[in-house]
$ cat target23.cif   # mmCIF, C-alpha atoms and all ligand atoms
data_my_file
loop_
_atom_site.label_atom_id
_atom_site.label_comp_id
_atom_site.auth_asym_id
_atom_site.auth_seq_id
_atom_site.Cartn_x
_atom_site.Cartn_y
_atom_site.Cartn_z
CA MET A 28 -1.51 6.27 26.20
CA ALA A 29 1.91 6.21 24.54
CA LYS A 30 3.20 8.52 27.27
CA THR A 31 1.72 6.52 30.15
CA PHE A 32 3.14 3.38 28.78
CA ALA A 33 6.57 4.90 28.21
CA CYS A 34 6.68 5.68 31.94
CA GLN A 35 5.72 2.13 32.83
CA PHE A 36 8.46 0.89 30.54
CA ASP A 37 11.04 3.21 32.12
CA ASP A 38 10.05 2.34 35.69
CA THR A 39 10.49 -1.36 35.24
CA SER A 40 13.56 -0.95 33.11
CA LYS A 41 15.79 -0.48 36.14
CA ASN A 42 15.60 -4.25 36.55
CA PHE A 43 17.08 -4.70 33.10
CA SER A 44 20.04 -3.44 31.21
CA LYS A 45 19.43 -1.05 28.34
CA GLU A 46 20.76 -3.68 25.99
CA ILE A 47 18.57 -5.07 23.21
CA ARG A 48 18.48 -8.39 25.06
CA GLY A 49 17.02 -6.80 28.22
CA ILE A 50 14.54 -4.68 26.29
CA LEU A 51 13.33 -7.77 24.47
CA VAL A 52 12.77 -9.64 27.74
CA GLN A 53 10.93 -6.69 29.18
CA THR A 54 8.77 -6.14 26.10
CA THR A 55 7.87 -9.83 26.03
CA GLN A 56 6.88 -9.72 29.69
CA ILE A 57 4.66 -6.67 29.24
CA LEU A 58 2.90 -8.28 26.27
CA LYS A 59 2.48 -11.49 28.23
CA ASN A 60 1.01 -9.64 31.21
CA ASN A 61 -1.47 -8.09 28.80
CA HIS A 62 -2.51 -11.51 27.47
CA PHE A 63 -1.08 -11.29 23.96
CA LYS A 64 -0.86 -14.78 22.46
CA ASN A 65 2.70 -14.73 21.04
CA PRO A 66 4.53 -12.29 23.28
CA SER A 67 8.12 -13.21 22.40
CA LYS A 68 7.45 -13.30 18.66
CA GLU A 69 5.66 -9.97 18.82
CA ALA A 70 8.40 -8.42 20.96
CA ILE A 71 11.01 -9.31 18.37
CA ILE A 72 8.91 -7.80 15.56
CA LEU A 73 8.20 -4.62 17.53
CA VAL A 74 11.76 -4.03 18.65
CA ALA A 75 13.19 -4.75 15.20
CA CYS A 76 10.61 -2.46 13.62
CA ALA A 77 11.22 0.38 16.11
CA LEU A 78 14.98 0.13 15.52
CA LYS A 79 14.42 -0.17 11.73
CA ILE A 80 16.54 -3.28 11.50
CA ASP A 81 15.75 -6.86 10.48
CA LYS A 82 15.48 -9.77 12.89
CA ILE A 83 18.94 -11.13 12.06
CA SER A 84 20.56 -7.78 12.91
CA LEU A 85 18.61 -7.78 16.15
CA TYR A 86 20.15 -11.09 17.17
CA LEU A 87 23.60 -9.99 15.98
CA HIS A 88 23.44 -6.89 18.18
CA TYR A 89 21.93 -8.46 21.28
CA ASN A 90 24.34 -6.61 23.56
CA LYS A 91 23.98 -3.21 21.97
CA ILE A 92 23.04 -0.50 24.48
CA LEU A 93 20.07 1.45 23.18
CA SER A 94 19.88 5.23 23.26
CA ASP A 95 17.00 7.00 25.04
CA LEU A 96 15.57 7.83 21.63
CA GLU A 97 15.63 4.20 20.55
CA GLN A 98 14.00 3.08 23.78
CA ALA A 99 11.34 5.73 23.36
CA SER A 100 10.48 4.54 19.87
CA ILE A 101 10.14 0.96 21.15
CA SER A 102 7.88 2.23 23.96
CA LYS A 103 5.71 4.09 21.47
CA LEU A 104 5.21 1.06 19.24
CA LEU A 105 4.55 -1.15 22.25
CA ALA A 106 1.95 1.28 23.53
CA ARG A 107 0.17 1.16 20.17
CA ARG A 108 0.25 -2.62 20.22
CA LEU A 109 -1.20 -2.64 23.75
CA GLU A 110 -4.10 -0.66 22.30
CA HIS A 111 -4.51 -3.66 19.95
CA GLU A 112 -3.36 -1.96 16.79
CA PRO A 113 -2.47 -4.85 14.43
CA LEU A 114 1.22 -5.63 14.06
CA GLU A 115 0.90 -5.30 10.28
CA TYR A 116 -0.16 -1.66 10.62
CA LEU A 117 2.74 -1.01 12.98
CA THR A 118 5.30 -2.52 10.64
CA GLY A 119 3.55 -1.39 7.45
CA GLN A 120 4.09 -4.82 5.93
CA VAL A 121 2.10 -7.95 5.31
CA ASN A 122 3.03 -11.18 3.62
CA PHE A 123 0.60 -12.70 1.15
CA MET A 124 1.53 -15.87 -0.73
CA GLY A 125 5.19 -15.27 0.06
CA ILE A 126 5.19 -11.70 -1.24
CA ASP A 127 5.70 -8.69 1.02
CA PHE A 128 3.05 -6.05 0.42
CA MET A 129 2.81 -2.62 1.97
CA ILE A 130 -0.21 -2.12 4.19
CA GLU A 131 -1.64 0.82 6.10
CA PRO A 132 -4.74 1.53 8.16
CA PRO A 133 -7.61 1.26 7.59
CA ILE A 134 -7.17 -0.87 4.45
CA LEU A 135 -8.02 -4.50 5.12
CA ILE A 136 -5.03 -6.62 6.14
CA PRO A 137 -4.90 -9.55 3.71
CA ARG A 138 -5.84 -12.87 5.28
CA PRO A 139 -4.37 -16.33 4.56
CA GLU A 140 -7.86 -17.58 3.53
CA THR A 141 -7.71 -15.29 0.52
CA GLU A 142 -4.76 -17.29 -0.79
CA VAL A 143 -7.25 -20.05 -1.63
CA LEU A 144 -9.20 -17.61 -3.79
CA VAL A 145 -6.06 -16.58 -5.69
CA GLU A 146 -4.86 -20.16 -6.06
CA THR A 147 -8.22 -21.18 -7.51
CA LEU A 148 -8.22 -18.26 -9.92
CA VAL A 149 -4.66 -19.02 -11.06
CA LYS A 150 -5.44 -22.69 -11.67
CA LEU A 151 -8.54 -21.87 -13.68
CA ALA A 152 -6.86 -19.12 -15.68
CA LYS A 153 -3.87 -21.32 -16.50
CA SER A 154 -6.03 -24.13 -17.77
CA ARG A 155 -7.93 -21.67 -19.94
CA ASN A 156 -4.77 -19.97 -21.13
CA ASP A 157 -3.25 -23.10 -22.64
CA SER A 158 -5.56 -22.83 -25.61
CA GLN A 159 -5.83 -19.05 -25.83
CA THR A 160 -3.50 -16.38 -27.06
CA ALA A 161 -5.51 -13.32 -26.05
CA PRO A 162 -4.73 -12.13 -22.53
CA THR A 163 -6.98 -13.39 -19.78
CA ILE A 164 -9.02 -10.48 -18.50
CA ILE A 165 -9.54 -10.42 -14.74
CA PHE A 166 -11.58 -7.93 -12.71
CA ASP A 167 -10.52 -7.65 -9.06
CA ILE A 168 -13.48 -6.02 -7.32
CA GLY A 169 -12.80 -4.38 -3.93
CA THR A 170 -9.05 -4.64 -4.43
CA GLY A 171 -8.04 -2.91 -1.16
CA SER A 172 -4.24 -3.27 -0.96
CA GLY A 173 -4.25 -4.85 -4.42
CA ILE A 174 -3.11 -8.30 -3.29
CA ILE A 175 -5.53 -10.41 -5.36
CA GLY A 176 -4.88 -8.72 -8.69
CA ILE A 177 -1.15 -8.24 -8.19
CA THR A 178 -0.46 -11.77 -6.96
CA SER A 179 -2.51 -13.23 -9.80
CA LEU A 180 -0.40 -11.30 -12.30
CA LYS A 181 2.76 -12.71 -10.73
CA PHE A 182 1.50 -16.19 -11.60
CA LEU A 183 -0.24 -15.38 -14.86
CA PRO A 184 2.09 -13.78 -17.39
CA ASN A 185 -0.67 -13.60 -19.98
CA ALA A 186 -3.27 -11.83 -17.87
CA ARG A 187 -4.53 -8.28 -17.52
CA VAL A 188 -6.18 -7.08 -14.33
CA TYR A 189 -8.70 -4.28 -13.86
CA ALA A 190 -8.75 -3.57 -10.14
CA SER A 191 -11.41 -1.43 -8.51
CA ASP A 192 -12.53 -0.22 -5.14
CA ILE A 193 -14.94 2.28 -3.72
CA ILE A 194 -12.13 3.71 -1.61
CA ASP A 195 -8.94 5.46 -2.68
CA LEU A 196 -6.61 3.16 -4.60
CA HIS A 197 -3.25 4.73 -3.74
CA LEU A 198 -1.92 1.79 -1.73
CA ALA A 199 -2.85 -0.78 -4.38
CA LYS A 200 -1.14 1.38 -7.00
CA ARG A 201 2.00 1.69 -4.87
CA ASN A 202 2.07 -2.06 -4.31
CA ALA A 203 1.75 -2.70 -8.04
CA ILE A 204 4.72 -0.42 -8.75
CA LYS A 205 6.80 -1.84 -5.89
CA LEU A 206 6.20 -5.41 -7.05
CA SER A 207 6.82 -4.62 -10.68
CA THR A 208 10.53 -5.26 -10.51
CA CYS A 209 9.93 -8.64 -12.09
CA HIS A 210 7.60 -9.22 -15.02
CA SER A 211 6.02 -12.37 -13.78
CA PHE A 212 6.58 -15.34 -11.58
CA THR A 213 8.37 -17.59 -14.00
CA SER A 214 11.36 -19.33 -12.51
CA ALA A 215 12.84 -20.58 -9.30
CA GLN A 216 15.71 -18.10 -9.74
CA ASP A 217 13.32 -15.21 -9.67
CA LYS A 218 14.01 -13.51 -6.34
CA SER A 219 10.45 -12.31 -6.07
CA GLU A 220 9.12 -15.81 -6.43
CA PRO A 221 6.26 -16.29 -4.01
CA THR A 222 7.21 -18.98 -1.58
CA CYS A 223 4.48 -21.54 -1.51
CA HIS A 224 2.05 -21.79 1.36
CA SER A 225 2.10 -25.09 3.22
CA GLU A 226 0.70 -26.92 0.21
CA PRO A 227 1.10 -24.76 -2.86
CA PHE A 228 -1.83 -25.11 -5.19
CA GLY A 229 -2.50 -28.39 -3.52
CA CYS A 230 -4.55 -27.32 -0.57
CA HIS A 231 -7.65 -28.90 -2.01
CA SER A 232 -6.01 -32.14 -3.00
CA GLU A 233 -7.57 -34.03 -0.13
CA ARG A 234 -11.09 -33.14 -1.13
CA SER A 235 -13.01 -36.25 -1.98
CA GLU A 236 -15.13 -34.65 -4.68
CA GLU A 237 -13.49 -33.89 -8.01
CA SER A 238 -13.85 -30.33 -9.18
CA GLN A 239 -16.08 -29.84 -12.18
CA PHE A 240 -14.21 -26.69 -13.16
CA LEU A 241 -10.60 -27.47 -12.36
CA PRO A 242 -8.91 -29.95 -14.69
CA GLN A 243 -7.59 -32.63 -12.37
CA ASP A 244 -4.33 -33.24 -14.30
CA LYS A 245 -3.59 -29.58 -13.98
CA LEU A 246 -4.34 -29.64 -10.30
CA ARG A 247 -1.91 -32.46 -9.65
CA GLU A 248 0.75 -30.88 -11.80
CA GLU A 249 0.43 -27.58 -9.96
CA SER A 250 0.45 -29.20 -6.58
CA ARG A 251 4.01 -30.37 -7.18
CA GLY A 252 5.30 -26.83 -7.24
CA CYS A 253 4.68 -23.23 -8.12
CA GLN A 254 6.54 -23.14 -11.42
CA SER A 255 5.08 -22.06 -14.68
CA LYS A 256 6.73 -21.67 -18.07
CA PRO A 257 7.76 -18.19 -19.14
CA ARG A 258 5.59 -16.87 -21.95
CA LYS A 259 7.00 -14.81 -24.77
CA GLU A 260 4.04 -12.47 -24.84
CA SER A 261 4.67 -11.34 -21.33
CA LYS A 262 7.19 -8.55 -21.61
CA LEU A 263 5.16 -6.08 -19.62
CA LYS A 264 5.72 -5.25 -15.98
CA ILE A 265 2.97 -5.92 -13.48
CA SER A 266 2.23 -2.20 -13.19
CA GLU A 267 1.71 -2.14 -16.96
CA ARG A 268 -0.73 -5.05 -16.85
CA ILE A 269 -2.97 -3.65 -14.12
CA SER A 270 -5.41 -0.75 -14.37
CA PHE A 271 -7.19 0.82 -11.43
CA LEU A 272 -10.58 2.43 -11.28
CA ARG A 273 -12.87 3.80 -8.60
CA SER A 274 -16.16 1.98 -8.90
CA ASP A 275 -19.13 0.92 -6.84
CA LEU A 276 -18.91 -2.83 -7.54
CA LEU A 277 -19.18 -3.29 -11.32
CA GLN A 278 -20.95 -0.03 -12.11
CA SER A 279 -18.06 1.69 -13.91
CA PHE A 280 -16.93 -1.37 -15.87
CA LYS A 281 -17.71 -1.22 -19.55
CA ARG A 282 -15.84 -4.24 -20.88
CA LYS A 283 -16.23 -7.98 -20.24
CA ALA A 284 -13.93 -10.27 -18.28
CA ASP A 285 -12.93 -13.91 -18.31
CA PHE A 286 -12.89 -13.84 -14.51
CA ILE A 287 -14.51 -11.57 -11.98
CA VAL A 288 -12.91 -12.15 -8.62
CA SER A 289 -13.69 -10.54 -5.30
CA ASN A 290 -13.20 -10.83 -1.58
CA PRO A 291 -16.16 -8.59 -0.75
CA PRO A 292 -17.22 -7.43 2.70
CA TYR A 293 -19.19 -10.42 4.02
CA ILE A 294 -19.58 -10.03 7.78
CA SER A 295 -23.09 -9.23 8.98
CA SER A 296 -23.49 -5.78 10.51
CA SER A 297 -24.60 -7.23 13.84
CA GLU A 298 -21.40 -9.30 14.15
CA ILE A 299 -19.04 -6.33 13.81
CA PRO A 300 -19.21 -5.21 17.48
CA SER A 301 -18.17 -8.68 18.63
CA LEU A 302 -15.06 -8.87 16.44
CA GLN A 303 -11.66 -8.76 18.10
CA PRO A 304 -10.40 -5.21 18.78
CA GLU A 305 -7.61 -5.50 16.19
CA ILE A 306 -10.30 -5.79 13.53
CA LYS A 307 -13.22 -3.70 14.72
CA LEU A 308 -11.16 -0.75 15.99
CA PHE A 309 -8.59 -0.49 13.23
CA GLU A 310 -9.78 -2.00 9.95
CA SER A 311 -12.22 -0.15 7.75
CA HIS A 312 -15.82 -1.22 8.29
CA THR A 313 -16.33 -0.55 4.59
CA ALA A 314 -14.09 -3.56 4.04
CA LEU A 315 -15.92 -5.77 6.53
CA ASP A 316 -19.60 -4.93 6.73
CA GLY A 317 -21.71 -6.97 4.33
CA GLY A 318 -25.06 -5.63 5.56
CA GLU A 319 -27.83 -7.27 7.55
CA ASP A 320 -26.98 -10.88 6.71
CA GLY A 321 -23.48 -10.24 5.33
CA LEU A 322 -24.62 -11.08 1.82
CA PHE A 323 -25.38 -7.66 0.34
CA PHE A 324 -22.27 -7.44 -1.89
CA ILE A 325 -22.25 -11.14 -2.72
CA ARG A 326 -25.88 -10.98 -3.92
CA GLU A 327 -25.15 -7.87 -5.96
CA LEU A 328 -22.14 -9.47 -7.64
CA ILE A 329 -24.04 -12.66 -8.37
CA ARG A 330 -26.95 -10.68 -9.79
CA THR A 331 -24.92 -8.27 -11.93
CA SER A 332 -21.70 -10.02 -12.95
CA GLY A 333 -23.35 -11.66 -15.98
CA ASN A 334 -23.35 -8.22 -17.66
CA ASN A 335 -19.57 -8.14 -17.45
CA LEU A 336 -18.62 -11.77 -18.05
CA LYS A 337 -17.70 -13.25 -21.39
CA LYS A 338 -19.42 -16.49 -22.36
CA SER A 339 -17.94 -19.22 -20.12
CA GLY A 340 -16.55 -16.50 -17.88
CA MET A 341 -16.44 -17.17 -14.18
CA LEU A 342 -17.27 -15.40 -10.96
CA LEU A 343 -15.07 -16.28 -7.96
CA LEU A 344 -15.86 -14.98 -4.50
CA GLU A 345 -14.42 -15.45 -1.05
CA ILE A 346 -17.27 -16.28 1.31
CA SER A 347 -17.95 -17.29 4.88
CA PRO A 348 -18.60 -21.04 5.30
CA GLU A 349 -22.00 -20.36 6.91
CA GLN A 350 -23.21 -18.59 3.76
CA THR A 351 -22.77 -21.58 1.44
CA ASP A 352 -26.40 -22.75 1.15
CA THR A 353 -27.92 -19.34 0.63
CA ILE A 354 -25.29 -18.36 -1.94
CA GLY A 355 -25.66 -21.66 -3.81
CA LYS A 356 -29.42 -21.20 -4.18
CA GLU A 357 -29.09 -17.57 -5.22
CA ALA A 358 -26.33 -18.27 -7.75
CA LEU A 359 -28.18 -21.06 -9.55
CA LYS A 360 -30.72 -18.47 -10.70
CA TYR A 361 -28.00 -16.83 -12.79
CA PHE A 362 -25.27 -19.41 -13.41
CA GLU A 363 -24.98 -22.74 -15.13
CA SER A 364 -23.20 -24.45 -12.26
CA VAL A 365 -21.70 -23.50 -8.95
CA GLU A 366 -18.93 -24.95 -6.86
CA PHE A 367 -17.40 -24.38 -3.45
CA ILE A 368 -13.74 -24.78 -2.53
CA LYS A 369 -12.44 -25.41 0.97
CA ASP A 370 -9.60 -23.64 2.74
CA PHE A 371 -6.59 -25.10 4.57
CA PHE A 372 -8.85 -25.94 7.53
CA GLY A 373 -11.49 -27.73 5.47
CA ARG A 374 -13.92 -24.82 5.70
CA THR A 375 -15.79 -23.71 2.59
CA ARG A 376 -14.16 -20.48 1.56
CA VAL A 377 -14.48 -19.90 -2.17
CA PHE A 378 -17.55 -19.79 -4.37
CA LEU A 379 -17.13 -20.19 -8.11
CA ALA A 380 -19.68 -20.14 -10.85
CA LYS A 381 -19.62 -20.38 -14.61
CA TYR A 382 -21.63 -18.01 -16.77
CA PRO A 383 -24.23 -18.16 -18.24
CA LYS A 384 -27.11 -20.28 -17.08
CA THR A 385 -27.69 -22.54 -20.08
CA GLY A 386 -30.73 -21.64 -22.14
CA THR A 387 -31.36 -18.43 -20.29
CA TYR A 388 -28.86 -16.02 -21.73
CA PHE A 389 -27.67 -17.53 -25.02
C1 LIG B 401 -12.76 -7.70 2.51
S1 LIG B 401 -11.99 -6.32 1.75
C2 LIG B 401 -10.93 -7.11 0.58
C3 LIG B 401 -9.68 -6.33 0.26
C4 LIG B 401 -8.68 -7.09 -0.58
N1 LIG B 401 -9.25 -7.48 -1.86
C5 LIG B 401 -8.21 -8.33 0.17
O1 LIG B 401 -8.65 -9.44 -0.18
O2 LIG B 401 -7.40 -8.18 1.10
C6 LIG B 401 -13.33 -5.69 0.80
C7 LIG B 401 -12.96 -4.51 -0.09
O3 LIG B 401 -14.15 -4.12 -0.80
C8 LIG B 401 -14.19 -2.72 -0.85
N2 LIG B 401 -15.59 -2.29 -1.06
C9 LIG B 401 -16.57 -2.12 -0.15
N3 LIG B 401 -17.70 -1.72 -0.74
C10 LIG B 401 -17.45 -1.65 -2.07
C11 LIG B 401 -18.22 -1.29 -3.22
N4 LIG B 401 -19.50 -0.93 -3.12
N5 LIG B 401 -17.62 -1.31 -4.42
C12 LIG B 401 -16.32 -1.68 -4.55
N6 LIG B 401 -15.54 -2.03 -3.49
C13 LIG B 401 -16.09 -2.00 -2.28
C14 LIG B 401 -13.60 -2.26 0.46
O4 LIG B 401 -13.18 -0.92 0.39
C15 LIG B 401 -12.47 -3.28 0.63
O5 LIG B 401 -11.27 -2.81 0.08
#

$ encode --input "target23.cif" --output "C-alpha cells" --more "lines below"
Ligand SMILES: C[S@@+](CC[C@H](N)C(=O)[O-])C[C@H]1O[C@@H](n2cnc3c(N)ncnc32)[C@H](O)[C@@H]1O
Amino acid sequence: MAKTFACQFDDTSKNFSKEIRGILVQTTQILKNNHFKNPSKEAIILVACALKIDKISLYLHYNKILSDLEQASISKLLARRLEHEPLEYLTGQVNFMGIDFMIEPPILIPRPETEVLVETLVKLAKSRNDSQTAPTIIFDIGTGSGIIGITSLKFLPNARVYASDIIDLHLAKRNAIKLSTCHSFTSAQDKSEPTCHSEPFGCHSERSEESQFLPQDKLREESRGCQSKPRKESKLKISERISFLRSDLLQSFKRKADFIVSNPPYISSSEIPSLQPEIKLFESHTALDGGEDGLFFIRELIRTSGNNLKKSGMLLLEISPEQTDTIGKEALKYFESVEFIKDFFGRTRVFLAKYPKTGTYF
C-alpha cells in the first residue's frame, strides 16, 4: 500500500512544486479526498513528523525544496494514515493533561475522558493528604502507557503508585523515566507543568448535585488553577515513586491501597467490530474488550477490590455512561456508597465508591 500510494503522490506532484508548501497542499487534498475530518491539520502533523521537525520549523521553511528521500518518507506516513493508522501511533506521541507521553501500537491511546478520572483521583487524594503524613498508596490497574499513575504522581507529591497490567509494561516504564525530570508538579515555573484542560479540576463545577466524597471547598479552590504547594517529603523522582508489576487485575497485589484506580476494558465484545477502523484495527483488543456486556473487568474489580483497600479506601473506575445503573446496583453490594462523575460533555464517566459497606466488613 505504501508503494501504491507513493506512486499516486508522485503522479499528482507534477502539479505542485517540491516545496514544503506544495507538499502540504497536496497532502491535505489527498486526505480530504479520502474523507478525513481535519485534512489540513493532519497534513501538517504528518509532514512535520516525516521531516522530524516541529510545526514552527515547518512554517519557517515553507519554501524549502524537499529531497526525494524526504518526499518518500512523507508518502510512507501518508499511506499509513490512509490505512487509518492513528496519528498518535505515526508520531509516537500523545498528549494527556498537557503532558507529552510516548505511545506505540497496540497500547491504548489515552483518551481525554480519562482526564476526568485522574482529576477526580487527585482531588480526593489531596483532600485526604492534608491530614496524613504517610504517602497515599494508589494502585493503577491496567496501566497501559502509564498515563494514570504517572500523571497522578505529577500532581501528588506525597503519593506512591503501584501500576500493573496483564501486558508488557515497557512503555509505561519508559514514560515514567522520561517524565521523571521533575519531582512533582509544584509550581508555575515548572516546565513540565501540565497545562490545564479547558476547565482544570473544575469540569464538574456545573453539576447540580454536591459530591458526597469531594470536599466542596477543595473543589472550588482547585478549579481556580492547577497549583499545589510543594511538600518537603517529596524528594523522589516520579520513577522512584512508581513500581510496576505484571498482574491479572489485583491477583498479584499483596498490600492495601488508599485508592484503586482503573480504566479497564469496558466495551462489549459485540460492539468491537463496529468501532472505527483506527480503534478496531490498530489498538489492542485486550485493552478494549470487556466481555459480553462490557462489564467483566468492572464486576471483577468491584467484587475483589475490598481485599486490597484500606478502611475508607476508594475504588475509582472509568466507565461507559450506559453502564451506570448496572454498576451502581452491583457496587452497593460491596461498598458503603457510590457516586458517578460526569465528563466534559455531561456524560457519566467515572464511578467511585468508598470501602467498606458499613456493618458488613468491620
Ligand atoms: C482501556 S485500557 C487503559 C490503558 C490506560 N490505563 C489508559 O487509561 O490509557 C485497559 C488496560 O487494561 C489492561 N488489561 C486488560 N485485561 C487486564 C487484566 N486481566 N489485568 C490487568 N490489566 C488488564 C489492558 O492491557 C490495557 O492496558

$ residues_near_ligand --input "target23.cif" --ligand "ligand LIG 401 (chain B)" --cutoff "7 Å" --atoms "all atoms listed in the file" --output "mmCIF file with C-alpha atoms, in the frame of the given file"
data_model
loop_
_atom_site.group_PDB
_atom_site.id
_atom_site.type_symbol
_atom_site.label_atom_id
_atom_site.label_comp_id
_atom_site.auth_asym_id
_atom_site.auth_seq_id
_atom_site.Cartn_x
_atom_site.Cartn_y
_atom_site.Cartn_z
ATOM 1 C CA ILE A 134 -7.170 -0.870 4.450
ATOM 2 C CA LEU A 135 -8.020 -4.500 5.120
ATOM 3 C CA ILE A 136 -5.030 -6.620 6.140
ATOM 4 C CA PRO A 137 -4.900 -9.550 3.710
ATOM 5 C CA ARG A 138 -5.840 -12.870 5.280
ATOM 6 C CA THR A 141 -7.710 -15.290 0.520
ATOM 7 C CA ILE A 168 -13.480 -6.020 -7.320
ATOM 8 C CA GLY A 169 -12.800 -4.380 -3.930
ATOM 9 C CA THR A 170 -9.050 -4.640 -4.430
ATOM 10 C CA GLY A 171 -8.040 -2.910 -1.160
ATOM 11 C CA SER A 172 -4.240 -3.270 -0.960
ATOM 12 C CA GLY A 173 -4.250 -4.850 -4.420
ATOM 13 C CA ILE A 174 -3.110 -8.300 -3.290
ATOM 14 C CA ILE A 175 -5.530 -10.410 -5.360
ATOM 15 C CA SER A 191 -11.410 -1.430 -8.510
ATOM 16 C CA ASP A 192 -12.530 -0.220 -5.140
ATOM 17 C CA ILE A 193 -14.940 2.280 -3.720
ATOM 18 C CA ILE A 194 -12.130 3.710 -1.610
ATOM 19 C CA SER A 274 -16.160 1.980 -8.900
ATOM 20 C CA ASP A 275 -19.130 0.920 -6.840
ATOM 21 C CA LEU A 276 -18.910 -2.830 -7.540
ATOM 22 C CA SER A 289 -13.690 -10.540 -5.300
ATOM 23 C CA ASN A 290 -13.200 -10.830 -1.580
ATOM 24 C CA PRO A 291 -16.160 -8.590 -0.750
ATOM 25 C CA PRO A 292 -17.220 -7.430 2.700
ATOM 26 C CA THR A 313 -16.330 -0.550 4.590
ATOM 27 C CA ALA A 314 -14.090 -3.560 4.040
ATOM 28 C CA LEU A 315 -15.920 -5.770 6.530
#

$ residues_around --input "target23.cif" --residues "A:Phe362" --least-positions-apart "4" --cutoff "7 Å" --atoms "only C-alpha atoms" --output "ChimeraX atom specification"
/A:358,380-384

$ closest_residue --input "target23.cif" --among "A:Thr160, A:Ser296, A:Asn335, A:Asn122" --to "A:Pro139" --atoms "all atoms listed in the file"
A:Asn122

$ atom_distance --input "target23.cif" --atom1 "atom CA of A:Ile50" --atom2 "atom CA of A:Val74"
8.2 Å

$ atom_distance --input "target23.cif" --atom1 "atom CA of A:Ala77" --atom2 "atom CA of A:Ile306"
22.5 Å

$ closest_residue --input "target23.cif" --among "A:His62, A:Lys262, A:Lys79, A:Lys281" --to "A:Leu109" --atoms "all atoms listed in the file"
A:His62

$ decode --input "target23.cif" --residues "stretch 43-82 of chain A" --atoms "C-alpha atoms" --output "PDB file, in the first residue's frame"
ATOM      1  CA  PHE A  43       2.923  21.214  -7.407  1.00  0.00           C
ATOM      2  CA  SER A  44       6.387  22.352  -6.593  1.00  0.00           C
ATOM      3  CA  LYS A  45       8.523  20.105  -4.420  1.00  0.00           C
ATOM      4  CA  GLU A  46       8.481  22.795  -1.782  1.00  0.00           C
ATOM      5  CA  ILE A  47       7.039  22.104   1.667  1.00  0.00           C
ATOM      6  CA  ARG A  48       4.167  24.446   0.847  1.00  0.00           C
ATOM      7  CA  GLY A  49       3.155  22.432  -2.247  1.00  0.00           C
ATOM      8  CA  ILE A  50       3.544  19.094  -0.486  1.00  0.00           C
ATOM      9  CA  LEU A  51       1.307  20.329   2.316  1.00  0.00           C
ATOM     10  CA  VAL A  52      -1.400  21.388  -0.144  1.00  0.00           C
ATOM     11  CA  GLN A  53      -1.185  18.071  -1.907  1.00  0.00           C
ATOM     12  CA  THR A  54      -1.230  16.014   1.291  1.00  0.00           C
ATOM     13  CA  THR A  55      -4.239  17.968   2.549  1.00  0.00           C
ATOM     14  CA  GLN A  56      -6.075  17.344  -0.715  1.00  0.00           C
ATOM     15  CA  ILE A  57      -5.406  13.601  -0.647  1.00  0.00           C
ATOM     16  CA  LEU A  58      -6.638  13.357   2.946  1.00  0.00           C
ATOM     17  CA  LYS A  59      -9.702  15.405   2.055  1.00  0.00           C
ATOM     18  CA  ASN A  60     -10.478  13.187  -0.933  1.00  0.00           C
ATOM     19  CA  ASN A  61     -10.315  10.230   1.434  1.00  0.00           C
ATOM     20  CA  HIS A  62     -12.810  11.839   3.826  1.00  0.00           C
ATOM     21  CA  PHE A  63     -10.516  12.548   6.756  1.00  0.00           C
ATOM     22  CA  LYS A  64     -12.151  15.087   9.064  1.00  0.00           C
ATOM     23  CA  ASN A  65      -9.256  17.519   9.642  1.00  0.00           C
ATOM     24  CA  PRO A  66      -7.177  17.203   6.497  1.00  0.00           C
ATOM     25  CA  SER A  67      -5.070  20.364   6.815  1.00  0.00           C
ATOM     26  CA  LYS A  68      -4.314  19.786  10.498  1.00  0.00           C
ATOM     27  CA  GLU A  69      -3.374  16.181   9.818  1.00  0.00           C
ATOM     28  CA  ALA A  70      -1.243  17.133   6.816  1.00  0.00           C
ATOM     29  CA  ILE A  71       0.812  19.494   8.950  1.00  0.00           C
ATOM     30  CA  ILE A  72       1.344  16.826  11.622  1.00  0.00           C
ATOM     31  CA  LEU A  73       2.286  14.171   9.055  1.00  0.00           C
ATOM     32  CA  VAL A  74       4.691  16.336   7.098  1.00  0.00           C
ATOM     33  CA  ALA A  75       6.352  17.707  10.241  1.00  0.00           C
ATOM     34  CA  CYS A  76       6.656  14.192  11.647  1.00  0.00           C
ATOM     35  CA  ALA A  77       8.095  12.745   8.413  1.00  0.00           C
ATOM     36  CA  LEU A  78      10.664  15.562   8.241  1.00  0.00           C
ATOM     37  CA  LYS A  79      11.373  15.208  12.004  1.00  0.00           C
ATOM     38  CA  ILE A  80      10.824  18.895  12.612  1.00  0.00           C
ATOM     39  CA  ASP A  81       8.278  20.794  14.702  1.00  0.00           C
ATOM     40  CA  LYS A  82       5.369  22.757  13.279  1.00  0.00           C
TER      41      LYS A  82
END
